[in-house]
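Take a look at the structure set out below.
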Amino acid sequence: MSENVLTAVLESERAATTTKDEILTSREARSLVKIGRTKLWELTRSGKIPAYRVGEGRTSDLRYKKSELLAWLEANLVNAATLR
């Protein structure tokens, strides 16, 4: 995905966000950033992507804020200069 396309997608997503931040399930979060379950868990566990626990104990579910996922994507943008 080119830098211009990614920037346009991020701006579009940001504009669609209302004053209340959209909360996503793990499945929705994986779909948004196009990564697998294991990678999402690694990023969550390492603290690179913030998550929110719903429920108690090890079987509780995790939720993610869409704006935080988009901010993470933007912070990890790789452009041509970075690849050299």
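Residues in the structure tokens are numbered from 1 in each chain, the chains being A, B, ... in the order shown, and ligands are numbered from 1 in the order shown.
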For the structure I just gave you, how does DSSP split region 7-82 of chain A - specifically, which residues are strand (DSSP E or B)? Reply as a PyMOL selection string. chain A and resi 23-25+52-54+61-65
Do a neighbour search on Ser26 (chain A) at 12 Å with only C-alpha atoms, toss out local chain neighbours closer than 6 positions, and write the hits as a PDB file with C-alpha atoms, in the first residue's frame.
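Resulting contents of out.pdb:
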ATOM      1  CA  LEU A  32      -8.893  -3.488  10.816  1.00  0.00           C
ATOM      2  CA  VAL A  33      -5.104  -3.783  10.904  1.00  0.00           C
ATOM      3  CA  LYS A  34      -4.976  -6.962   8.803  1.00  0.00           C
ATOM      4  CA  ILE A  35      -2.983  -9.134  11.223  1.00  0.00           C
ATOM      5  CA  GLY A  36      -3.522 -12.552  12.717  1.00  0.00           C
ATOM      6  CA  ARG A  37      -4.600 -13.546  16.201  1.00  0.00           C
ATOM      7  CA  THR A  38      -1.083 -14.452  17.352  1.00  0.00           C
ATOM      8  CA  LYS A  39       0.427 -11.173  16.154  1.00  0.00           C
ATOM      9  CA  LEU A  40      -2.331  -9.127  17.811  1.00  0.00           C
ATOM     10  CA  TRP A  41      -1.730 -10.991  21.077  1.00  0.00           C
ATOM     11  CA  THR A  44      -1.002  -6.493  23.097  1.00  0.00           C
ATOM     12  CA  ILE A  49      -1.107  -1.870  21.342  1.00  0.00           C
ATOM     13  CA  PRO A  50      -3.288  -0.926  24.336  1.00  0.00           C
ATOM     14  CA  ALA A  51      -6.181  -3.234  25.181  1.00  0.00           C
ATOM     15  CA  TYR A  52      -8.989  -3.192  27.714  1.00  0.00           C
ATOM     16  CA  ARG A  53     -10.136  -6.233  29.667  1.00  0.00           C
ATOM     17  CA  VAL A  54     -13.851  -7.004  29.790  1.00  0.00           C
ATOM     18  CA  SER A  60     -11.976 -12.359  30.037  1.00  0.00           C
ATOM     19  CA  ASP A  61     -12.248 -10.736  26.630  1.00  0.00           C
ATOM     20  CA  LEU A  62     -10.124  -7.907  25.300  1.00  0.00           C
ATOM     21  CA  ARG A  63     -11.361  -4.787  23.561  1.00  0.00           C
ATOM     22  CA  TYR A  64      -9.467  -2.207  21.542  1.00  0.00           C
ATOM     23  CA  LYS A  65     -10.079   1.436  20.708  1.00  0.00           C
ATOM     24  CA  LYS A  66     -10.167   2.018  16.988  1.00  0.00           C
ATOM     25  CA  LEU A  69      -5.098   1.075  16.563  1.00  0.00           C
TER      26      LEU A  69
END
Grab the CA of Glu56 (chain A) to CA of Ile23 (chain A) distance for me, in Å with one decimal place.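 Between these atoms lies a distance of 18.3 Å.
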Can you measure CA of Arg45 (chain A) to CA of Glu11 (chain A) for me? One decimal in Å is fine. 27.6 Å
Quick one: residues within 12 Å of Asn4 (chain A), only C-alpha atoms, excluding same-chain residues fewer than 5 positions away - as a compact mmCIF listing (two decimals) with C-alpha atoms, in the first residue's frame?
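Result file follows (selection.txt):
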# COMPACT_ATOMS: atom_id res chain seq x y z
CA VAL A 9 -7.34 5.63 4.60
CA LEU A 10 -6.14 6.90 7.98
CA GLU A 11 -7.63 10.35 7.38
CA LEU A 77 4.47 3.87 8.91
CA VAL A 78 7.41 2.73 6.79
CA ASN A 79 8.29 4.99 3.91
Between CA of Arg27 (chain A) and CA of Ala8 (chain A), what is the distance in Å, rounded to a tenth?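 Going from CA of Arg27 (chain A) over to CA of Ala8 (chain A) covers 23.5 Å.
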Nearest to Leu73 (chain A): which of A:Thr25, A:Lys48, A:Gly57, A:Glu42 is it, counting only C-alpha atoms?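 Of all the options, A:Lys48 lies closest to Leu73 (chain A).
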